[in-house]
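Trainee: Just dropping this structure here.
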Amino acid sequence: MLGGETRVLASVEIAGRWRVGKYGVDVRGFEEAVVPEIEAAIAGGRLVVMDEIGKMELFSERFRDAVRRALDSAAPVLGTILSGPHPFADEIRKRREVSIIEVTFENRDRLPAELSKLFA
């Protein structure tokens, strides 16, 4: 997290109903750590960076709501999103203001410079 906090949000040692493969996901800890960071960036009109909108993160309704609020706000948003089908990911990909840039072996080295121009 950009605020400097570190937490274990997924581990083979976390028990519970939220799992991706062998990993248990600490959804409450994730919400406590990540959602306020998104909300603060939105409130400050700062760049909202989300790495990533993936299977583990999508267990959280609060996170999904924060993503929607970020995209509805004036704050610029840069994120990564799972490539496979998922109802929420599909919803985000279909938004008019969302541009998808696939990261490939061929473009991965030049993407940081290209993205920095977009968000300058």
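Quick note on naming: the chains in the structure tokens go A, B, ... in the order shown, residues restart at 1 in each chain, and ligands are numbered from 1 in order of appearance.
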If you count only C-alpha atoms, which residues fall within 12 Å of stretch 88-92 of chain A, apart from same-chain ones fewer than 2 positions away, as a PyMOL selection string?
Mentor: chain A and resi 52-55+57-61+63-65+67-72+79-86+94-100
Trainee: Go ahead and save the picked residues with C-alpha atoms, as a CSV table (one decimal), in the first residue's frame.
Mentor:
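That gives us out_32.csv:
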chain,number,residue,atom,x,y,z
A,52,GLU,CA,-5.1,-5.7,-9.1
A,53,ILE,CA,-8.8,-6.2,-9.7
A,54,GLY,CA,-8.6,-9.9,-9.4
A,55,LYS,CA,-10.2,-13.0,-8.0
A,57,GLU,CA,-10.0,-8.7,-4.4
A,58,LEU,CA,-13.4,-9.4,-5.9
A,59,PHE,CA,-14.6,-11.3,-2.8
A,60,SER,CA,-15.1,-7.8,-1.3
A,61,GLU,CA,-18.3,-5.9,-2.0
A,63,PHE,CA,-13.8,-3.0,-2.8
A,64,ARG,CA,-16.2,-3.4,-5.8
A,65,ASP,CA,-18.1,-0.3,-4.6
A,67,VAL,CA,-13.8,0.7,-7.7
A,68,ARG,CA,-17.1,2.0,-9.0
A,69,ARG,CA,-16.8,5.2,-7.0
A,70,ALA,CA,-13.3,5.7,-8.3
A,71,LEU,CA,-14.4,5.3,-11.9
A,72,ASP,CA,-17.4,7.6,-11.4
A,79,GLY,CA,-5.6,-0.5,-12.7
A,80,THR,CA,-5.0,-4.1,-13.7
A,81,ILE,CA,-7.9,-6.4,-14.1
A,82,LEU,CA,-8.2,-10.2,-14.5
A,83,SER,CA,-8.5,-11.2,-18.1
A,84,GLY,CA,-11.0,-14.0,-17.6
A,85,PRO,CA,-14.7,-13.6,-17.3
A,86,HIS,CA,-16.2,-12.4,-14.1
A,94,LYS,CA,-17.7,-2.5,-20.7
A,95,ARG,CA,-17.6,1.0,-19.2
A,96,ARG,CA,-17.3,3.7,-21.9
A,97,GLU,CA,-14.5,5.5,-20.1
A,98,VAL,CA,-12.4,2.4,-19.6
A,99,SER,CA,-9.6,1.6,-22.0
A,100,ILE,CA,-8.0,-1.8,-22.0
Trainee: Excluding A:Val25 and any residue of its chain fewer than 5 positions from it, enumerate the residues within 12 Å of it, using only C-alpha atoms, and give them as a ChimeraX atom specification.
Mentor: /A:7-20,30-31,55-60
Trainee: Output C-alpha atoms for every residue in that selection, as an mmCIF file, in the first residue's frame.
Mentor:
data_model
loop_
_atom_site.group_PDB
_atom_site.id
_atom_site.type_symbol
_atom_site.label_atom_id
_atom_site.label_comp_id
_atom_site.auth_asym_id
_atom_site.auth_seq_id
_atom_site.Cartn_x
_atom_site.Cartn_y
_atom_site.Cartn_z
ATOM 1 C CA ARG A 7 -0.260 -6.838 5.697
ATOM 2 C CA VAL A 8 -0.652 -10.470 4.781
ATOM 3 C CA LEU A 9 -3.920 -10.547 2.876
ATOM 4 C CA ALA A 10 -3.671 -14.034 1.395
ATOM 5 C CA SER A 11 -1.856 -17.063 2.710
ATOM 6 C CA VAL A 12 -2.040 -20.827 2.832
ATOM 7 C CA GLU A 13 -2.296 -20.347 6.603
ATOM 8 C CA ILE A 14 -5.512 -18.269 6.469
ATOM 9 C CA ALA A 15 -8.594 -20.366 7.089
ATOM 10 C CA GLY A 16 -12.065 -19.356 6.028
ATOM 11 C CA ARG A 17 -14.601 -19.436 3.259
ATOM 12 C CA TRP A 18 -12.809 -17.071 0.863
ATOM 13 C CA ARG A 19 -10.221 -19.067 -1.043
ATOM 14 C CA VAL A 20 -8.385 -18.934 -4.334
ATOM 15 C CA PHE A 30 -8.127 -6.240 2.782
ATOM 16 C CA GLU A 31 -11.107 -3.922 3.161
ATOM 17 C CA LYS A 55 -10.212 -13.008 -7.956
ATOM 18 C CA MET A 56 -9.092 -12.397 -4.382
ATOM 19 C CA GLU A 57 -10.031 -8.727 -4.394
ATOM 20 C CA LEU A 58 -13.444 -9.374 -5.900
ATOM 21 C CA PHE A 59 -14.588 -11.263 -2.809
ATOM 22 C CA SER A 60 -15.057 -7.802 -1.271
#
Trainee: Just to confirm, what's the straight-line distance from atom CA of A:Val49 to atom CA of A:Phe105 in Å (one decimal)?
Mentor: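 So the answer is 22.0 Å.
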Trainee: Give me the residues near A:Leu78 as JSON, numbers by chain, where near means some atom within 9 Å (using only C-alpha atoms) and where sequence neighbours in that chain fewer than 5 positions away do not count.
Mentor: {"A": [47, 48, 49, 50, 51, 115, 119]}
